[in-house]
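Have a look at the structure below before the remarks.
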Amino acid sequence: MRIVKGDITKLAVDAIVNAANQLMLGGGGVDGAIHRAAGKELFNACLKVPEARPGVRCPTGEARITPGFKLPAKFVIHTVGPVYRDGQHGEPEKLANCYRNSLALAAENGCKSIAFPCISTGVYGYPIEDAAKIAVRETEAFLKTHDIDVVFCCFLEYDARIFEKLLQGVK
Ligand code: APR
């Protein structure tokens, strides 16, 4: 596990994870950046992902994979984090599922490296301190049985420091 500060769309890893919404047709934040960098074909590929129910291509906590198109990354793994309310409405479990399902999907597709943004900690309001603990815990558990290079791509300096403190504890 390692930390990179900056723009996830620039990372030449096998898969970058997108913090999407359930409709999976783009948005703001990292979702917007990834769609802009990948180009129109990404939108078209997302449109082809079957709806689990009307208006929902990717239910919260699940993950879907598409090619990366114009991105340096081969794949985009779209996952939908929980909207944070108070931590008492299943948010921790749903966020943990985002990491578990994205890692599993990356492994199923033969990815040797994957980069995560700080899922749910922007528009969805998840406190970075709690979200980062879940990200590191789930990744550590996965790495007990899998070999994949995991990058936590932090756009914000503050977020990078939170992850750095956690990873010091893990080593
Ligand atoms: N590279 C890496 N991280 C980024 C980038 C980028 N280019 N742009 C933003 N981020 C970071 C934000 O700083 C935040 O730490 O991604 C993290 C997640 O924030 P959001 O993108 O707001 O995602 P989220 O909180 O999961 O909310 C998802 O926002 O954009 C919409 O369509 C999206 O409805 C969905 C919701």
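Residue names in the structure tokens use chain letters A, B, ... in the order shown, residue numbers from 1 in each chain, and ligand numbers from 1 in the order shown.
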Show me which residues are within 6 Å of ligand 1 counting only C-alpha atoms and all ligand atoms, and format the list as a short mmCIF file (atom, residue, chain, number, x, y, z; two decimals) with all heavy atoms, in the first residue's frame.
data_model
loop_
_atom_site.label_atom_id
_atom_site.label_comp_id
_atom_site.auth_asym_id
_atom_site.auth_seq_id
_atom_site.Cartn_x
_atom_site.Cartn_y
_atom_site.Cartn_z
N GLY A 6 -2.26 13.76 -5.60
CA GLY A 6 -2.49 14.37 -6.92
C GLY A 6 -3.71 13.83 -7.62
O GLY A 6 -4.66 13.37 -7.00
N ASP A 7 -3.66 13.92 -8.93
CA ASP A 7 -4.82 13.67 -9.79
C ASP A 7 -4.82 12.21 -10.25
O ASP A 7 -3.90 11.78 -10.96
CB ASP A 7 -4.70 14.62 -11.00
CG ASP A 7 -5.82 14.45 -12.00
OD1 ASP A 7 -6.61 13.49 -11.85
OD2 ASP A 7 -5.89 15.26 -12.94
N ILE A 8 -5.79 11.47 -9.86
CA ILE A 8 -5.87 10.02 -10.16
C ILE A 8 -5.91 9.75 -11.67
O ILE A 8 -5.48 8.69 -12.13
CB ILE A 8 -7.08 9.39 -9.44
CG1 ILE A 8 -6.91 7.87 -9.30
CG2 ILE A 8 -8.41 9.73 -10.15
CD1 ILE A 8 -7.90 7.24 -8.34
N THR A 9 -6.37 10.73 -12.45
CA THR A 9 -6.49 10.47 -13.91
C THR A 9 -5.12 10.38 -14.58
O THR A 9 -5.01 9.94 -15.70
CB THR A 9 -7.32 11.59 -14.61
OG1 THR A 9 -6.59 12.82 -14.52
CG2 THR A 9 -8.68 11.73 -13.98
N ALA A 19 -15.17 7.28 -7.84
CA ALA A 19 -16.22 7.47 -6.82
C ALA A 19 -17.45 7.99 -7.55
O ALA A 19 -17.65 9.19 -7.71
CB ALA A 19 -15.75 8.48 -5.76
N ALA A 20 -18.24 7.04 -8.01
CA ALA A 20 -19.37 7.36 -8.90
C ALA A 20 -20.65 7.53 -8.09
O ALA A 20 -20.65 7.50 -6.85
CB ALA A 20 -19.53 6.23 -9.92
N ASN A 21 -21.75 7.72 -8.82
CA ASN A 21 -23.08 7.65 -8.20
C ASN A 21 -23.81 6.48 -8.84
O ASN A 21 -23.32 5.89 -9.80
CB ASN A 21 -23.85 8.98 -8.38
CG ASN A 21 -23.99 9.34 -9.84
OD1 ASN A 21 -24.47 8.53 -10.63
ND2 ASN A 21 -23.52 10.51 -10.20
N GLY A 26 -21.50 9.75 -14.79
CA GLY A 26 -20.66 10.92 -14.56
C GLY A 26 -21.25 11.84 -13.49
O GLY A 26 -22.33 11.61 -12.97
N GLY A 27 -20.44 12.87 -13.17
CA GLY A 27 -20.87 13.79 -12.10
C GLY A 27 -19.80 14.84 -11.91
O GLY A 27 -19.14 15.23 -12.87
N GLY A 28 -19.62 15.23 -10.65
CA GLY A 28 -18.59 16.24 -10.37
C GLY A 28 -17.34 15.55 -9.82
O GLY A 28 -17.08 14.39 -10.15
N GLY A 29 -16.62 16.25 -9.00
CA GLY A 29 -15.47 15.67 -8.27
C GLY A 29 -14.62 14.74 -9.12
O GLY A 29 -14.36 15.00 -10.29
N VAL A 30 -14.20 13.64 -8.50
CA VAL A 30 -13.30 12.73 -9.22
C VAL A 30 -14.03 12.06 -10.38
O VAL A 30 -13.45 11.76 -11.42
CB VAL A 30 -12.67 11.70 -8.24
CG1 VAL A 30 -13.70 10.70 -7.74
CG2 VAL A 30 -11.49 11.00 -8.88
N ASP A 31 -15.33 11.86 -10.23
CA ASP A 31 -16.17 11.28 -11.29
C ASP A 31 -16.07 12.15 -12.54
O ASP A 31 -15.82 11.66 -13.66
CB ASP A 31 -17.61 11.22 -10.77
CG ASP A 31 -18.53 10.34 -11.62
OD1 ASP A 31 -18.03 9.67 -12.56
OD2 ASP A 31 -19.73 10.31 -11.32
N ALA A 33 -13.75 14.36 -13.24
CA ALA A 33 -12.36 14.39 -13.76
C ALA A 33 -12.06 13.14 -14.59
O ALA A 33 -11.45 13.21 -15.66
CB ALA A 33 -11.39 14.50 -12.58
N GLY A 81 -19.96 5.01 -3.20
CA GLY A 81 -19.84 5.06 -1.74
C GLY A 81 -21.15 5.52 -1.10
O GLY A 81 -22.03 6.02 -1.79
N PRO A 117 -9.36 6.75 -5.09
CA PRO A 117 -9.52 8.08 -4.52
C PRO A 117 -10.09 7.90 -3.11
O PRO A 117 -10.37 6.77 -2.69
CB PRO A 117 -10.54 8.73 -5.46
CG PRO A 117 -11.43 7.59 -5.84
CD PRO A 117 -10.55 6.36 -5.88
N CYS A 118 -10.30 9.00 -2.41
CA CYS A 118 -10.87 8.90 -1.05
C CYS A 118 -12.40 8.86 -1.17
O CYS A 118 -13.09 9.87 -1.02
CB CYS A 118 -10.43 10.09 -0.21
SG CYS A 118 -8.65 10.21 -0.09
N ILE A 119 -12.89 7.69 -1.43
CA ILE A 119 -14.31 7.47 -1.75
C ILE A 119 -15.22 8.05 -0.65
O ILE A 119 -14.95 7.90 0.53
CB ILE A 119 -14.59 5.96 -1.90
CG1 ILE A 119 -13.71 5.36 -3.00
CG2 ILE A 119 -16.07 5.69 -2.22
CD1 ILE A 119 -13.66 3.84 -2.97
N SER A 120 -16.26 8.74 -1.07
CA SER A 120 -17.32 9.27 -0.20
C SER A 120 -16.91 10.47 0.64
O SER A 120 -17.75 11.02 1.37
CB SER A 120 -17.89 8.19 0.76
OG SER A 120 -18.88 7.44 0.12
N THR A 121 -15.64 10.88 0.59
CA THR A 121 -15.18 11.94 1.51
C THR A 121 -15.35 13.34 0.92
O THR A 121 -14.99 14.32 1.56
CB THR A 121 -13.69 11.74 1.88
OG1 THR A 121 -12.89 11.93 0.70
CG2 THR A 121 -13.45 10.36 2.46
N GLY A 122 -15.89 13.44 -0.27
CA GLY A 122 -16.13 14.76 -0.87
C GLY A 122 -17.60 15.11 -0.76
O GLY A 122 -18.14 15.31 0.35
N VAL A 123 -18.27 15.13 -1.86
CA VAL A 123 -19.72 15.46 -1.91
C VAL A 123 -20.52 14.59 -0.93
O VAL A 123 -21.45 15.06 -0.28
CB VAL A 123 -20.25 15.21 -3.35
CG1 VAL A 123 -21.76 15.20 -3.43
CG2 VAL A 123 -19.66 16.24 -4.30
N TYR A 124 -20.07 13.34 -0.75
CA TYR A 124 -20.87 12.42 0.10
C TYR A 124 -20.58 12.59 1.58
O TYR A 124 -21.17 11.91 2.42
CB TYR A 124 -20.69 10.98 -0.37
CG TYR A 124 -21.50 10.61 -1.62
CD1 TYR A 124 -22.30 11.56 -2.26
CD2 TYR A 124 -21.44 9.34 -2.16
CE1 TYR A 124 -23.03 11.22 -3.38
CE2 TYR A 124 -22.17 8.99 -3.28
CZ TYR A 124 -22.97 9.95 -3.89
OH TYR A 124 -23.69 9.61 -5.02
N GLY A 125 -19.62 13.45 1.92
CA GLY A 125 -19.47 13.92 3.29
C GLY A 125 -18.91 12.98 4.33
O GLY A 125 -19.01 13.24 5.54
N CYS A 153 -4.76 7.45 -3.74
CA CYS A 153 -4.47 8.72 -4.43
C CYS A 153 -5.22 9.85 -3.72
O CYS A 153 -6.45 9.94 -3.78
CB CYS A 153 -4.91 8.62 -5.89
SG CYS A 153 -4.55 10.16 -6.79
N CYS A 154 -4.47 10.67 -3.03
CA CYS A 154 -5.09 11.76 -2.24
C CYS A 154 -4.94 13.08 -2.98
O CYS A 154 -3.84 13.51 -3.29
CB CYS A 154 -4.40 11.85 -0.87
SG CYS A 154 -4.59 10.35 0.10
N PHE A 155 -6.09 13.67 -3.25
CA PHE A 155 -6.11 14.96 -3.97
C PHE A 155 -5.77 16.08 -3.00
O PHE A 155 -5.22 17.09 -3.37
CB PHE A 155 -7.53 15.15 -4.53
CG PHE A 155 -7.63 16.08 -5.70
CD1 PHE A 155 -6.84 15.90 -6.82
CD2 PHE A 155 -8.53 17.13 -5.69
CE1 PHE A 155 -6.95 16.76 -7.92
CE2 PHE A 155 -8.65 17.99 -6.78
CZ PHE A 155 -7.87 17.80 -7.88
N LEU A 156 -6.13 15.89 -1.73
CA LEU A 156 -5.95 16.92 -0.71
C LEU A 156 -4.79 16.55 0.21
O LEU A 156 -4.67 15.39 0.63
CB LEU A 156 -7.24 17.07 0.13
CG LEU A 156 -8.53 17.31 -0.67
CD1 LEU A 156 -9.73 17.29 0.25
CD2 LEU A 156 -8.46 18.63 -1.44
#
Worksheet item: Which residues come within 8 Å of stretch 103-109 of chain A, counting only C-alpha atoms, excluding same-chain residues fewer than 3 positions away, as a PyMOL selection string?
Response: chain A and resi 15+63-65+77+99-100+112+114+139+142+146+148
Taking N, CA, C and O atoms for each residue, export the selection above as an mmCIF file, in the first residue's frame.
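Below is the file again-v3.cif, written as the result:
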data_model
loop_
_atom_site.group_PDB
_atom_site.id
_atom_site.type_symbol
_atom_site.label_atom_id
_atom_site.label_comp_id
_atom_site.auth_asym_id
_atom_site.auth_seq_id
_atom_site.Cartn_x
_atom_site.Cartn_y
_atom_site.Cartn_z
ATOM 1 N N ALA A 15 -5.787 -0.200 -12.926
ATOM 2 C CA ALA A 15 -7.172 0.251 -12.732
ATOM 3 C C ALA A 15 -7.203 1.458 -11.804
ATOM 4 O O ALA A 15 -6.508 1.470 -10.781
ATOM 5 N N ALA A 63 -19.423 -2.598 -7.331
ATOM 6 C CA ALA A 63 -18.434 -2.062 -8.271
ATOM 7 C C ALA A 63 -18.698 -2.614 -9.673
ATOM 8 O O ALA A 63 -19.198 -3.728 -9.810
ATOM 9 N N ARG A 64 -18.398 -1.792 -10.681
ATOM 10 C CA ARG A 64 -18.555 -2.194 -12.077
ATOM 11 C C ARG A 64 -17.290 -1.784 -12.810
ATOM 12 O O ARG A 64 -16.693 -0.758 -12.477
ATOM 13 N N ILE A 65 -16.873 -2.546 -13.808
ATOM 14 C CA ILE A 65 -15.611 -2.243 -14.504
ATOM 15 C C ILE A 65 -15.864 -1.869 -15.956
ATOM 16 O O ILE A 65 -16.741 -2.423 -16.614
ATOM 17 N N ILE A 77 -12.693 1.237 -12.467
ATOM 18 C CA ILE A 77 -13.632 0.472 -11.626
ATOM 19 C C ILE A 77 -14.527 1.494 -10.929
ATOM 20 O O ILE A 77 -14.049 2.325 -10.146
ATOM 21 N N TYR A 99 -14.491 -0.946 -1.094
ATOM 22 C CA TYR A 99 -13.074 -1.357 -1.219
ATOM 23 C C TYR A 99 -12.977 -2.845 -1.524
ATOM 24 O O TYR A 99 -12.254 -3.269 -2.427
ATOM 25 N N ARG A 100 -13.749 -3.655 -0.790
ATOM 26 C CA ARG A 100 -13.698 -5.104 -1.018
ATOM 27 C C ARG A 100 -14.073 -5.440 -2.465
ATOM 28 O O ARG A 100 -13.362 -6.168 -3.160
ATOM 29 N N LYS A 112 -2.631 -5.759 -11.760
ATOM 30 C CA LYS A 112 -1.491 -5.864 -10.853
ATOM 31 C C LYS A 112 -1.360 -4.607 -9.988
ATOM 32 O O LYS A 112 -0.581 -4.549 -9.050
ATOM 33 N N ILE A 114 -3.780 -0.929 -8.600
ATOM 34 C CA ILE A 114 -5.071 -0.244 -8.530
ATOM 35 C C ILE A 114 -4.891 1.011 -7.692
ATOM 36 O O ILE A 114 -4.127 1.021 -6.717
ATOM 37 N N THR A 139 -8.082 -3.016 2.742
ATOM 38 C CA THR A 139 -6.980 -3.314 1.812
ATOM 39 C C THR A 139 -5.997 -4.290 2.459
ATOM 40 O O THR A 139 -5.571 -5.275 1.848
ATOM 41 N N PHE A 142 -7.366 -7.750 2.366
ATOM 42 C CA PHE A 142 -7.325 -8.306 0.998
ATOM 43 C C PHE A 142 -5.907 -8.746 0.647
ATOM 44 O O PHE A 142 -5.676 -9.790 0.043
ATOM 45 N N HIS A 146 -3.939 -11.779 -1.518
ATOM 46 C CA HIS A 146 -3.759 -11.354 -2.918
ATOM 47 C C HIS A 146 -2.512 -10.497 -3.033
ATOM 48 O O HIS A 146 -2.106 -9.854 -2.075
ATOM 49 N N ILE A 148 -1.366 -7.367 -5.081
ATOM 50 C CA ILE A 148 -1.692 -6.272 -6.009
ATOM 51 C C ILE A 148 -1.165 -4.983 -5.390
ATOM 52 O O ILE A 148 -1.217 -4.808 -4.160
#
Practice prompt. Apply DSSP to the backbone of this structure and, from chain A, keep only the residues in strand (DSSP E); write these as a PyMOL selection string.
Written response: chain A and resi 2-5+15-20+63-67+75-80+113-116+149-154
Create the file for the chosen residues now, containing N, CA, C and O atoms and written as a compact mmCIF listing (two decimals), in the first residue's frame.
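Final output, saved to again.txt:
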# COMPACT_ATOMS: atom_id res chain seq x y z
N ARG A 2 0.52 2.21 -0.86
CA ARG A 2 1.31 3.44 -0.86
C ARG A 2 0.40 4.63 -1.16
O ARG A 2 -0.75 4.46 -1.59
N ILE A 3 0.89 5.81 -0.88
CA ILE A 3 0.11 7.03 -1.05
C ILE A 3 0.70 7.86 -2.18
O ILE A 3 1.92 8.01 -2.28
N VAL A 4 -0.17 8.36 -3.04
CA VAL A 4 0.27 9.30 -4.08
C VAL A 4 -0.60 10.54 -3.91
O VAL A 4 -1.81 10.43 -3.70
N LYS A 5 0.03 11.71 -3.96
CA LYS A 5 -0.76 12.94 -3.88
C LYS A 5 -0.99 13.45 -5.29
O LYS A 5 -0.03 13.54 -6.07
N ALA A 15 -5.79 -0.20 -12.93
CA ALA A 15 -7.17 0.25 -12.73
C ALA A 15 -7.20 1.46 -11.80
O ALA A 15 -6.51 1.47 -10.78
N ILE A 16 -8.00 2.45 -12.18
CA ILE A 16 -8.29 3.51 -11.21
C ILE A 16 -9.74 3.36 -10.79
O ILE A 16 -10.60 2.95 -11.58
N VAL A 17 -10.00 3.68 -9.54
CA VAL A 17 -11.37 3.53 -9.01
C VAL A 17 -12.05 4.89 -9.09
O VAL A 17 -11.45 5.93 -8.76
N ASN A 18 -13.27 4.88 -9.54
CA ASN A 18 -14.06 6.11 -9.65
C ASN A 18 -15.08 6.15 -8.52
O ASN A 18 -15.79 5.16 -8.28
N ALA A 19 -15.17 7.28 -7.84
CA ALA A 19 -16.22 7.47 -6.82
C ALA A 19 -17.45 7.99 -7.55
O ALA A 19 -17.65 9.19 -7.71
N ALA A 20 -18.24 7.04 -8.01
CA ALA A 20 -19.37 7.36 -8.90
C ALA A 20 -20.65 7.53 -8.09
O ALA A 20 -20.65 7.50 -6.85
N ALA A 63 -19.42 -2.60 -7.33
CA ALA A 63 -18.43 -2.06 -8.27
C ALA A 63 -18.70 -2.61 -9.67
O ALA A 63 -19.20 -3.73 -9.81
N ARG A 64 -18.40 -1.79 -10.68
CA ARG A 64 -18.55 -2.19 -12.08
C ARG A 64 -17.29 -1.78 -12.81
O ARG A 64 -16.69 -0.76 -12.48
N ILE A 65 -16.87 -2.55 -13.81
CA ILE A 65 -15.61 -2.24 -14.50
C ILE A 65 -15.86 -1.87 -15.96
O ILE A 65 -16.74 -2.42 -16.61
N THR A 66 -15.12 -0.86 -16.43
CA THR A 66 -15.16 -0.49 -17.85
C THR A 66 -13.71 -0.28 -18.31
O THR A 66 -12.81 -0.12 -17.48
N PRO A 67 -13.47 -0.21 -19.64
CA PRO A 67 -12.12 0.16 -20.07
C PRO A 67 -11.81 1.60 -19.65
O PRO A 67 -12.71 2.36 -19.31
N PHE A 75 -8.21 0.16 -16.95
CA PHE A 75 -9.61 0.02 -16.54
C PHE A 75 -10.03 1.16 -15.61
O PHE A 75 -9.19 1.72 -14.90
N VAL A 76 -11.33 1.41 -15.60
CA VAL A 76 -11.94 2.22 -14.53
C VAL A 76 -12.88 1.29 -13.76
O VAL A 76 -13.71 0.59 -14.36
N ILE A 77 -12.69 1.24 -12.47
CA ILE A 77 -13.63 0.47 -11.63
C ILE A 77 -14.53 1.49 -10.93
O ILE A 77 -14.05 2.33 -10.15
N HIS A 78 -15.78 1.48 -11.29
CA HIS A 78 -16.74 2.45 -10.73
C HIS A 78 -17.35 1.84 -9.48
O HIS A 78 -17.85 0.71 -9.51
N THR A 79 -17.30 2.58 -8.39
CA THR A 79 -17.94 2.11 -7.17
C THR A 79 -18.71 3.28 -6.59
O THR A 79 -18.41 4.45 -6.87
N VAL A 80 -19.75 2.97 -5.84
CA VAL A 80 -20.60 4.02 -5.29
C VAL A 80 -20.53 3.96 -3.76
O VAL A 80 -20.93 2.96 -3.16
N SER A 113 -2.13 -3.58 -10.36
CA SER A 113 -2.08 -2.34 -9.59
C SER A 113 -3.43 -1.65 -9.68
O SER A 113 -4.16 -1.79 -10.67
N ILE A 114 -3.78 -0.93 -8.60
CA ILE A 114 -5.07 -0.24 -8.53
C ILE A 114 -4.89 1.01 -7.69
O ILE A 114 -4.13 1.02 -6.72
N ALA A 115 -5.56 2.10 -8.12
CA ALA A 115 -5.50 3.35 -7.35
C ALA A 115 -6.91 3.75 -6.92
O ALA A 115 -7.84 3.72 -7.72
N PHE A 116 -7.01 4.09 -5.63
CA PHE A 116 -8.30 4.53 -5.07
C PHE A 116 -8.26 6.04 -4.80
O PHE A 116 -7.26 6.53 -4.25
N ASP A 149 -0.62 -4.11 -6.22
CA ASP A 149 -0.08 -2.84 -5.72
C ASP A 149 -1.25 -1.87 -5.52
O ASP A 149 -1.95 -1.54 -6.49
N VAL A 150 -1.49 -1.45 -4.29
CA VAL A 150 -2.63 -0.56 -4.01
C VAL A 150 -2.13 0.84 -3.70
O VAL A 150 -1.29 1.03 -2.82
N VAL A 151 -2.68 1.79 -4.46
CA VAL A 151 -2.31 3.20 -4.28
C VAL A 151 -3.52 3.95 -3.72
O VAL A 151 -4.64 3.80 -4.23
N PHE A 152 -3.26 4.74 -2.65
CA PHE A 152 -4.31 5.66 -2.19
C PHE A 152 -3.96 7.01 -2.78
O PHE A 152 -2.94 7.61 -2.40
N CYS A 153 -4.76 7.45 -3.74
CA CYS A 153 -4.47 8.72 -4.43
C CYS A 153 -5.22 9.85 -3.72
O CYS A 153 -6.45 9.94 -3.78
N CYS A 154 -4.47 10.67 -3.03
CA CYS A 154 -5.09 11.76 -2.24
C CYS A 154 -4.94 13.08 -2.98
O CYS A 154 -3.84 13.51 -3.29
Worksheet, complete the sentence: Residue with the minimum atom-to-atom distance to A:Leu71, picked from A:Arg53, A:Arg137, A:Leu11, A:Lys94 with only C-alpha atoms counted, is A:Leu11
Item to complete: From a DSSP pass on the backbone, collect the residues of stretch 6-113 of chain A flagged as helix (DSSP H, G or I) and hand them back as an MDAnalysis selection string.
Response: chainID A and resid 8:10 29:38 40:48 91:108
Find the nearest atom pair between each residue of stretch 107-151 of chain A and stretch 167-171 of chain A for residues within 10 Å, count only C-alpha atoms, give distances in Å to one decimal, sort rows by chain and ascending number, and present the table as CSV.
residue,atom,partner,partner_atom,distance
A:Lys133,CA,A:Leu167,CA,9.7
A:Val136,CA,A:Leu167,CA,7.6
A:Arg137,CA,A:Val170,CA,9.3
A:Glu140,CA,A:Val170,CA,8.5
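Nearest residue to A:Phe163 among A:Met1, A:Ala38, A:Val49, A:Leu25 is A:Met1, counting only C-alpha atoms.
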Discussion item. If we count only C-alpha atoms and set the cut-off at 9 Å, which residues sit around A:Pro54, ignoring sequence neighbours fewer than 3 positions away in its own chain? Please answer as a PyMOL selection string.
Written reply: chain A and resi 23+51+57
Keeping only all heavy atoms, write those residues as a tab-separated table (two decimals), in the first residue's frame.
chain	number	residue	atom	x	y	z
A	23	LEU	N	-26.26	6.12	-10.77
A	23	LEU	CA	-26.65	6.19	-12.18
A	23	LEU	C	-25.47	5.85	-13.09
A	23	LEU	O	-25.61	5.31	-14.17
A	23	LEU	CB	-27.17	7.61	-12.47
A	23	LEU	CG	-27.84	7.86	-13.82
A	23	LEU	CD1	-29.10	6.99	-13.96
A	23	LEU	CD2	-28.21	9.33	-13.96
A	51	GLU	N	-28.95	-1.74	-15.94
A	51	GLU	CA	-29.48	-1.15	-14.69
A	51	GLU	C	-29.93	-2.27	-13.76
A	51	GLU	O	-30.62	-3.20	-14.17
A	51	GLU	CB	-30.66	-0.22	-15.01
A	51	GLU	CG	-30.22	1.05	-15.72
A	51	GLU	CD	-31.38	2.03	-15.91
A	51	GLU	OE1	-32.37	1.65	-16.55
A	51	GLU	OE2	-31.26	3.16	-15.40
A	57	ARG	N	-27.35	1.75	-12.02
A	57	ARG	CA	-26.44	0.81	-12.69
A	57	ARG	C	-25.53	0.16	-11.68
A	57	ARG	O	-25.16	-1.01	-11.82
A	57	ARG	CB	-25.61	1.56	-13.75
A	57	ARG	CG	-26.36	1.84	-15.00
A	57	ARG	CD	-25.51	2.40	-16.12
A	57	ARG	NE	-26.42	2.62	-17.24
A	57	ARG	CZ	-27.25	3.64	-17.31
A	57	ARG	NH1	-27.23	4.59	-16.36
A	57	ARG	NH2	-28.09	3.77	-18.33
Worksheet item: atom CA of A:Tyr84 and atom CA of A:Ile128 are how many Å apart?
Response: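 It comes out at 11.0 Å.
Comparing A:Asp14, A:Gln22, A:Gly68, A:Pro59 by their smallest distance to A:His35, the closest is A:Gly68 (using only C-alpha atoms).
What separates atom CA of A:Ala37 from atom CA of A:Phe69 is a distance of 8.8 Å.
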